[in-house]
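Shown here: model_7.tsv, TSV, C-alpha atoms and all ligand atoms.
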```
chain	number	residue	atom	x	y	z
A	1	MET	CA	-25.47	-0.77	-27.90
A	2	THR	CA	-22.18	0.96	-28.40
A	3	ASP	CA	-18.94	-0.56	-27.33
A	4	PHE	CA	-17.58	1.85	-24.78
A	5	VAL	CA	-13.96	1.43	-23.83
A	6	THR	CA	-12.41	3.89	-21.43
A	7	THR	CA	-8.75	4.71	-21.73
A	8	ILE	CA	-6.31	4.60	-18.85
A	9	ALA	CA	-6.09	8.41	-18.95
A	10	GLU	CA	-9.89	8.68	-18.58
A	11	ASN	CA	-9.82	6.21	-15.72
A	12	VAL	CA	-7.08	8.16	-13.94
A	13	ALA	CA	-9.11	11.36	-14.33
A	14	ARG	CA	-12.20	9.67	-12.89
A	15	VAL	CA	-10.29	8.25	-9.93
A	16	ARG	CA	-8.77	11.68	-9.23
A	17	GLU	CA	-12.26	13.21	-9.26
A	18	THR	CA	-13.49	10.60	-6.81
A	19	ILE	CA	-10.49	11.30	-4.56
A	20	THR	CA	-11.26	15.02	-4.64
A	21	ASP	CA	-14.94	14.41	-3.86
A	22	ALA	CA	-14.11	12.09	-0.96
A	23	CYS	CA	-11.60	14.62	0.41
A	24	THR	CA	-14.06	17.50	0.12
A	25	GLU	CA	-16.63	15.51	2.03
A	26	ALA	CA	-14.08	14.61	4.70
A	27	GLY	CA	-12.65	18.13	4.93
A	28	ARG	CA	-9.26	16.91	3.72
A	29	ASP	CA	-6.77	18.28	1.22
A	30	PRO	CA	-6.70	16.03	-1.89
A	31	ALA	CA	-2.92	16.47	-1.91
A	32	SER	CA	-2.82	14.44	1.30
A	33	VAL	CA	-3.88	11.27	-0.54
A	34	LEU	CA	-1.25	9.55	-2.66
A	35	LEU	CA	-2.59	7.61	-5.62
A	36	ILE	CA	-0.68	4.38	-6.23
A	37	ALA	CA	-1.63	2.67	-9.48
A	38	VAL	CA	-1.33	-1.08	-8.97
A	39	SER	CA	-0.12	-2.42	-12.31
A	40	LYS	CA	0.15	-6.11	-11.42
A	41	THR	CA	-0.58	-8.41	-14.39
A	42	LYS	CA	-0.54	-5.38	-16.74
A	43	PRO	CA	2.24	-4.69	-19.25
A	44	ALA	CA	4.82	-1.89	-19.05
A	45	GLN	CA	2.86	-0.08	-21.77
A	46	ALA	CA	-0.07	0.35	-19.38
A	47	VAL	CA	2.26	1.88	-16.79
A	48	LEU	CA	3.57	4.30	-19.42
A	49	GLU	CA	0.02	5.36	-20.28
A	50	ALA	CA	-0.80	6.02	-16.62
A	51	ALA	CA	2.49	7.91	-16.21
A	52	ALA	CA	1.57	10.04	-19.24
A	53	ALA	CA	-1.68	10.84	-17.40
A	54	GLY	CA	0.36	12.10	-14.46
A	55	VAL	CA	0.56	9.08	-12.16
A	56	GLN	CA	3.95	8.96	-10.44
A	57	HIS	CA	3.51	6.03	-8.04
A	58	PHE	CA	3.07	2.41	-9.06
A	59	GLY	CA	2.49	-0.79	-7.14
A	60	GLU	CA	3.35	-4.41	-7.87
A	61	ASN	CA	2.61	-7.49	-5.80
A	62	ARG	CA	5.19	-9.99	-7.14
A	63	VAL	CA	8.90	-9.35	-7.24
A	64	GLU	CA	9.36	-11.57	-10.33
A	65	GLU	CA	6.99	-9.35	-12.27
A	66	GLY	CA	8.65	-6.18	-10.99
A	67	GLU	CA	12.06	-7.43	-12.07
A	68	ILE	CA	10.83	-7.49	-15.66
A	69	LYS	CA	8.51	-4.49	-15.73
A	70	ILE	CA	10.37	-1.92	-13.65
A	71	PRO	CA	13.50	-1.84	-15.88
A	72	GLN	CA	11.26	-1.66	-18.99
A	73	VAL	CA	9.43	1.36	-17.58
A	74	THR	CA	12.64	3.01	-16.37
A	75	ILE	CA	14.20	2.81	-19.84
A	76	ALA	CA	11.09	4.17	-21.58
A	77	LEU	CA	10.33	7.03	-19.19
A	78	HIS	CA	12.25	10.26	-18.90
A	79	MET	CA	11.09	10.95	-15.39
A	80	PRO	CA	11.51	8.85	-12.31
A	81	VAL	CA	8.50	7.09	-10.80
A	82	THR	CA	8.23	5.55	-7.36
A	83	TRP	CA	7.69	1.79	-7.02
A	84	HIS	CA	5.72	0.29	-4.15
A	85	MET	CA	5.76	-3.40	-3.24
A	86	VAL	CA	2.23	-4.08	-2.00
A	87	GLY	CA	2.11	-7.89	-2.04
A	88	HIS	CA	3.31	-10.48	0.45
A	89	VAL	CA	7.10	-10.88	0.41
A	90	GLN	CA	8.72	-14.15	1.43
A	91	SER	CA	11.87	-13.59	3.48
A	92	ARG	CA	13.99	-15.36	0.90
A	93	LYS	CA	12.88	-12.81	-1.71
A	94	ALA	CA	13.99	-9.85	0.41
A	95	ARG	CA	17.28	-9.54	-1.40
A	96	ASP	CA	15.47	-9.09	-4.72
A	97	VAL	CA	12.91	-6.63	-3.33
A	98	ALA	CA	15.30	-4.35	-1.42
A	99	PRO	CA	17.19	-2.88	-4.40
A	100	LEU	CA	14.17	-2.71	-6.74
A	101	PHE	CA	11.43	-0.97	-4.74
A	102	ASP	CA	11.24	2.41	-2.99
A	103	VAL	CA	8.52	1.53	-0.49
A	104	VAL	CA	7.48	-1.87	0.91
A	105	HIS	CA	3.90	-1.86	2.26
A	106	SER	CA	3.83	-5.48	3.32
A	107	VAL	CA	6.39	-5.87	6.10
A	108	ASP	CA	4.80	-8.40	8.43
A	109	SER	CA	7.68	-9.88	10.46
A	110	GLU	CA	10.94	-8.94	12.10
A	111	LYS	CA	12.61	-11.61	10.01
A	112	LEU	CA	11.52	-10.01	6.73
A	113	ALA	CA	12.44	-6.53	7.95
A	114	ALA	CA	15.91	-7.70	9.01
A	115	LYS	CA	16.49	-9.31	5.62
A	116	LEU	CA	15.35	-6.19	3.78
A	117	SER	CA	17.59	-4.03	5.95
A	118	ALA	CA	20.58	-6.29	5.29
A	119	ALA	CA	19.93	-6.47	1.54
A	120	LEU	CA	19.83	-2.73	0.88
A	121	PRO	CA	22.53	-1.41	-1.41
A	122	PRO	CA	24.94	1.01	0.31
A	123	GLY	CA	23.36	4.41	0.89
A	124	LYS	CA	19.78	3.31	0.14
A	125	MET	CA	17.06	3.99	2.69
A	126	LEU	CA	13.86	1.97	2.39
A	127	ASP	CA	10.47	3.28	3.50
A	128	VAL	CA	8.37	0.50	4.98
A	129	LEU	CA	4.84	0.10	6.24
A	130	LEU	CA	3.82	-2.58	8.70
A	131	GLU	CA	1.01	-4.72	7.29
A	132	MET	CA	-1.70	-5.36	9.85
A	133	ASN	CA	-4.42	-7.97	9.64
A	134	VAL	CA	-7.04	-6.05	11.58
A	135	SER	CA	-10.02	-7.94	10.15
A	136	GLY	CA	-8.83	-11.31	11.47
A	137	GLU	CA	-9.49	-13.10	8.17
A	138	ALA	CA	-7.41	-16.29	8.20
A	139	SER	CA	-6.52	-15.89	4.53
A	140	LYS	CA	-4.91	-12.51	5.04
A	141	ALA	CA	-1.22	-11.71	5.34
A	142	GLY	CA	-0.03	-9.23	7.92
A	143	LEU	CA	0.69	-9.17	11.62
A	144	ASP	CA	-2.25	-10.49	13.61
A	145	ALA	CA	-3.94	-7.38	14.94
A	146	ALA	CA	-7.57	-8.47	15.05
A	147	ASN	CA	-7.81	-8.01	18.83
A	148	TRP	CA	-5.24	-5.31	19.45
A	149	GLU	CA	-7.65	-3.14	21.43
A	150	ARG	CA	-8.92	-5.86	23.80
A	151	ASP	CA	-5.91	-8.15	24.01
A	152	ALA	CA	-3.03	-6.52	25.91
A	153	GLU	CA	-0.68	-9.34	25.03
A	154	GLN	CA	-1.33	-9.01	21.31
A	155	ARG	CA	-0.91	-5.26	21.56
A	156	ALA	CA	2.40	-5.59	23.42
A	157	GLY	CA	3.61	-8.05	20.79
A	158	LEU	CA	2.78	-5.64	17.99
A	159	PHE	CA	4.47	-2.76	19.79
A	160	SER	CA	7.60	-4.78	20.39
A	161	THR	CA	7.75	-5.93	16.75
A	162	ALA	CA	7.32	-2.36	15.55
A	163	ARG	CA	10.00	-1.11	17.94
A	164	ALA	CA	12.47	-3.74	16.73
A	165	ILE	CA	11.82	-2.95	13.07
A	166	ALA	CA	12.06	0.80	13.64
A	167	ALA	CA	15.54	0.25	15.10
A	168	MET	CA	16.88	-1.57	12.03
A	169	PRO	CA	19.48	0.26	9.94
A	170	ASN	CA	18.29	2.03	6.80
A	171	LEU	CA	14.62	1.18	7.27
A	172	ARG	CA	12.17	4.00	7.93
A	173	VAL	CA	8.85	2.85	9.36
A	174	ARG	CA	6.39	5.30	7.82
A	175	GLY	CA	3.04	3.87	8.87
A	176	LEU	CA	0.62	0.97	8.56
A	177	MET	CA	-1.06	-0.90	5.72
A	178	THR	CA	-4.06	-3.19	5.55
A	179	VAL	CA	-6.07	-5.08	2.97
A	180	ALA	CA	-9.77	-4.97	3.84
A	181	PRO	CA	-11.99	-8.04	3.33
A	182	LEU	CA	-13.97	-8.40	0.13
A	183	VAL	CA	-17.54	-7.36	0.86
A	184	GLU	CA	-20.64	-6.37	-1.07
A	185	GLN	CA	-20.91	-2.94	0.52
A	186	ALA	CA	-17.84	-0.71	1.00
A	187	GLU	CA	-19.52	0.58	4.16
A	188	ALA	CA	-19.00	-2.81	5.81
A	189	VAL	CA	-15.22	-2.34	5.80
A	190	ARG	CA	-15.28	1.03	7.55
A	191	PRO	CA	-14.55	-0.52	10.98
A	192	VAL	CA	-11.39	-2.10	9.52
A	193	PHE	CA	-10.12	1.29	8.38
A	194	ILE	CA	-11.02	2.91	11.70
A	195	SER	CA	-9.21	0.17	13.59
A	196	LEU	CA	-6.05	0.62	11.49
A	197	ARG	CA	-6.09	4.36	12.11
A	198	GLN	CA	-6.52	3.92	15.85
A	199	LEU	CA	-3.75	1.32	15.94
A	200	ARG	CA	-1.50	3.77	14.09
A	201	ASP	CA	-2.31	6.46	16.67
A	202	ALA	CA	-1.52	4.10	19.54
A	203	LEU	CA	1.73	2.95	17.94
A	204	GLU	CA	2.79	6.51	17.25
A	205	GLN	CA	2.46	7.27	20.96
A	206	GLU	CA	4.31	4.12	21.89
A	207	LEU	CA	7.24	4.72	19.51
A	208	ARG	CA	7.21	8.48	20.08
A	209	SER	CA	7.84	9.04	16.42
A	210	PRO	CA	5.49	10.05	13.63
A	211	LEU	CA	3.79	7.38	11.52
A	212	PRO	CA	2.18	9.61	8.91
A	213	HIS	CA	0.96	6.98	6.49
A	214	LEU	CA	-2.12	4.78	6.32
A	215	SER	CA	-2.08	2.61	3.19
A	216	MET	CA	-5.69	1.46	2.86
A	217	GLY	CA	-8.35	1.51	0.18
A	218	MET	CA	-8.57	-0.27	-3.18
A	219	THR	CA	-10.90	-0.03	-6.18
A	220	ASP	CA	-14.01	-1.15	-4.28
A	221	ASP	CA	-13.57	0.84	-1.09
A	222	TYR	CA	-11.21	3.81	-1.47
A	223	PRO	CA	-13.72	6.62	-0.81
A	224	THR	CA	-14.49	5.01	2.56
A	225	ALA	CA	-10.77	4.60	3.27
A	226	ILE	CA	-10.19	8.28	2.48
A	227	ALA	CA	-13.01	9.26	4.83
A	228	GLU	CA	-11.19	7.33	7.57
A	229	GLY	CA	-7.78	8.86	6.95
A	230	ALA	CA	-6.04	6.92	4.16
A	231	THR	CA	-2.93	8.72	2.91
A	232	MET	CA	-2.07	6.08	0.30
A	233	ILE	CA	-4.67	4.31	-1.81
A	234	ARG	CA	-3.75	1.32	-3.96
A	235	ILE	CA	-5.86	1.27	-7.11
A	236	GLY	CA	-5.67	-1.47	-9.73
A	237	ARG	CA	-8.86	-2.21	-11.65
A	238	ALA	CA	-10.35	1.30	-11.59
A	239	ILE	CA	-7.28	2.46	-13.55
A	240	PHE	CA	-6.15	-0.51	-15.62
A	241	GLY	CA	-9.40	-2.42	-16.02
A	242	ALA	CA	-10.23	-5.95	-14.92
A	243	ARG	CA	-7.43	-8.43	-14.47
A	244	VAL	CA	-7.89	-11.60	-16.52
B	1	LIG	C1	-4.20	-5.98	-6.39
B	1	LIG	C2	-3.99	-5.18	-5.17
B	1	LIG	C3	-4.51	-3.90	-5.06
B	1	LIG	C4	-5.39	-3.26	-6.12
B	1	LIG	O1	-6.63	-3.91	-6.14
B	1	LIG	P1	-7.89	-3.35	-6.97
B	1	LIG	O2	-9.05	-3.92	-6.27
B	1	LIG	O3	-7.71	-3.83	-8.37
B	1	LIG	O4	-7.86	-1.86	-6.90
B	1	LIG	C5	-4.25	-3.20	-3.88
B	1	LIG	N1	-3.51	-3.72	-2.88
B	1	LIG	C6	-2.97	-4.95	-2.96
B	1	LIG	C7	-2.17	-5.47	-1.84
B	1	LIG	C8	-3.19	-5.73	-4.09
B	1	LIG	O5	-2.66	-6.96	-4.17
```

Would you kindly transcribe this structure into structure tokens?
Amino acid sequence: MTDFVTTIAENVARVRETITDACTEAGRDPASVLLIAVSKTKPAQAVLEAAAAGVQHFGENRVEEGEIKIPQVTIALHMPVTWHMVGHVQSRKARDVAPLFDVVHSVDSEKLAAKLSAALPPGKMLDVLLEMNVSGEASKAGLDAANWERDAEQRAGLFSTARAIAAMPNLRVRGLMTVAPLVEQAEAVRPVFISLRQLRDALEQELRSPLPHLSMGMTDDYPTAIAEGATMIRIGRAIFGARV
């Protein structure tokens, strides 16, 4: 048996091919799906390799790790990349997250949004996504949205939270994000992606402003997420290898 080790560049190429295939099948333009390479637990060097392969968007899930890695990458790279916070943010960490990241996918309370808004350096706008727990898993972060279609009270609560956050200074609500449950078959999570898309459509009507982004799909399920309308996919292991 030969030892076969794929490089980050090869992995990026393979993921891009899969994105193109999924888009072709869904009748979508591959340019409508943003690839975010989730570099959590991986060193700055791995980010540089992915950037050399053309990746321009990176995701981290812990602010402490971003505080070390992001400046290292910025110094070493001659082109700007965009940093996405994809992990749960505690309100007390908002002041560290606001200046460091360009997009926060995991806004799940008015309190967090208000703290992010207040902590932004002068002149900085922050793009945010509202994280929705549409699967109802107890372990999941996000606003409780498991019954948004059936439960008028839950739906009204979500709408009012979204309206309040959209009104906060220097935050731009750009769409919704979800983390699907871990399952054996990617097909099993399709209803979660459909539900997030439909919730986005409903919220767009309610707010009367566009919510173009659906951040959904990870290594195990991104072709399904693309089929259901994902505009941002968050890929860790398929690019950087297993996390130890
Ligand atoms: C780690 C992580 C990812 C990437 O997961 P993979 O399965 O390695 O692709 C995506 N989104 C969030 C929120 C994560 O924490």

Around the point (9.2, 6.0, -4.6) in the file's coordinates, collect all residues with an atom within 12 Å, using all atoms listed in the file, and return them as an NGL selection string. :A and (34-36 or 55-59 or 80-85 or 99-105 or 124-128)

Please produce a file of the residues just selected, as an mmCIF file, in the coordinates of the input, where the atoms kept are C-alpha atoms.
```
data_model
loop_
_atom_site.group_PDB
_atom_site.id
_atom_site.type_symbol
_atom_site.label_atom_id
_atom_site.label_comp_id
_atom_site.auth_asym_id
_atom_site.auth_seq_id
_atom_site.Cartn_x
_atom_site.Cartn_y
_atom_site.Cartn_z
ATOM 1 C CA LEU A 34 -1.250 9.550 -2.660
ATOM 2 C CA LEU A 35 -2.590 7.610 -5.620
ATOM 3 C CA ILE A 36 -0.680 4.380 -6.230
ATOM 4 C CA VAL A 55 0.560 9.080 -12.160
ATOM 5 C CA GLN A 56 3.950 8.960 -10.440
ATOM 6 C CA HIS A 57 3.510 6.030 -8.040
ATOM 7 C CA PHE A 58 3.070 2.410 -9.060
ATOM 8 C CA GLY A 59 2.490 -0.790 -7.140
ATOM 9 C CA PRO A 80 11.510 8.850 -12.310
ATOM 10 C CA VAL A 81 8.500 7.090 -10.800
ATOM 11 C CA THR A 82 8.230 5.550 -7.360
ATOM 12 C CA TRP A 83 7.690 1.790 -7.020
ATOM 13 C CA HIS A 84 5.720 0.290 -4.150
ATOM 14 C CA MET A 85 5.760 -3.400 -3.240
ATOM 15 C CA PRO A 99 17.190 -2.880 -4.400
ATOM 16 C CA LEU A 100 14.170 -2.710 -6.740
ATOM 17 C CA PHE A 101 11.430 -0.970 -4.740
ATOM 18 C CA ASP A 102 11.240 2.410 -2.990
ATOM 19 C CA VAL A 103 8.520 1.530 -0.490
ATOM 20 C CA VAL A 104 7.480 -1.870 0.910
ATOM 21 C CA HIS A 105 3.900 -1.860 2.260
ATOM 22 C CA LYS A 124 19.780 3.310 0.140
ATOM 23 C CA MET A 125 17.060 3.990 2.690
ATOM 24 C CA LEU A 126 13.860 1.970 2.390
ATOM 25 C CA ASP A 127 10.470 3.280 3.500
ATOM 26 C CA VAL A 128 8.370 0.500 4.980
#
```

Separation of CA of Gly66 in chain A from CA of Val47 in chain A in Å: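 Taking CA of Val47 in chain A and CA of Gly66 in chain A, their separation equals 11.8 Å.
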
Take every atom of ligand LIG 1 (chain B) listed in the file, fit an axis-aligned box around them, add 4 Å per side, and give the centre and edge lengths in Å to one decimal as lines of an AutoDock Vina configuration file.
```
center_x = -5.6
center_y = -4.4
center_z = -5.1
size_x = 14.9
size_y = 13.1
size_z = 14.5
```

Pick from A:Met132, A:Ala162, A:Ala94, A:Val33, whichever lies nearest to ligand LIG 1 (chain B) using only C-alpha atoms and all ligand atoms: A:Met132

Which of A:Glu131, A:Glu187, A:Glu206, A:Glu228 sits closest to ligand LIG 1 (chain B) [using all atoms listed in the file]: A:Glu131

Closest of A:Val89, A:Ala146, A:Ala167, A:Ala9 to ligand LIG 1 (chain B), counting all atoms listed in the file, is A:Val89

Ligand LIG 1 (chain B): which residues are within 10 Å, counting all atoms listed in the file, as a ChimeraX atom specification? /A:36-41,59-62,85-88,105-106,131,141,177-180,182,215-222,233-243

For His78 in chain A, work out the shell of residues within 12 Å, counting all atoms listed in the file and skipping chain neighbours fewer than 6 positions away, then give it as a ChimeraX atom specification. /A:48,51-52,56,72

Could you write out that same residue set with C-alpha atoms as a CSV table (one decimal), in the frame of the given file?
```
chain,number,residue,atom,x,y,z
A,48,LEU,CA,3.6,4.3,-19.4
A,51,ALA,CA,2.5,7.9,-16.2
A,52,ALA,CA,1.6,10.0,-19.2
A,56,GLN,CA,4.0,9.0,-10.4
A,72,GLN,CA,11.3,-1.7,-19.0
```

Counting all atoms listed in the file, the residue of A:His213, A:Arg16, A:Lys111, A:Arg155 that sits nearest Arg92 in chain A: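 With all atoms listed in the file as the atom set, the closest residue is A:Lys111.
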
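Compared by their closest atoms to Leu77 in chain A, and using only C-alpha atoms, the residues A:Thr224, A:Gln45, A:Thr18, A:Gln90 rank with A:Gln45 nearest.
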
What's the 10 Å shell around Ile68 in chain A, counting all atoms listed in the file, without same-chain residues fewer than 5 positions away, as a PyMOL selection string? chain A and resi 43-44+63+73

Output file for the selection above: C-alpha atoms, as a PDB file, in the frame of the given file:
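Final output, saved to selection.pdb:
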```
ATOM      1  CA  PRO A  43       2.240  -4.690 -19.250  1.00  0.00           C
ATOM      2  CA  ALA A  44       4.820  -1.890 -19.050  1.00  0.00           C
ATOM      3  CA  VAL A  63       8.900  -9.350  -7.240  1.00  0.00           C
ATOM      4  CA  VAL A  73       9.430   1.360 -17.580  1.00  0.00           C
TER       5      VAL A  73
END
```

Counting all atoms listed in the file, figure out which residue out of A:Leu116, A:Ile75, A:Ala26, A:Ala53 gets nearest to Asn170 in chain A.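 Using all atoms listed in the file, the shortest distance to Asn170 in chain A belongs to A:Leu116.
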
Rounded to one decimal, what separation in Å do you get between CA of Leu176 in chain A and CA of Leu214 in chain A? 5.2 Å

In Å, rounded to a single decimal, give me how far CA of Thr161 in chain A is from CA of Arg95 in chain A. 20.8 Å

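By chain and then residue number, the residues within 12 Å of Gly157 in chain A are Ser109, Glu110, Leu143, Asp144, Ala145, Asn147, Trp148, Asp151, Ala152, Glu153, Thr161, Ala162, Arg163, Ala164 and Leu203 of chain A, counting all atoms listed in the file and disregarding those fewer than 4 positions away in sequence.
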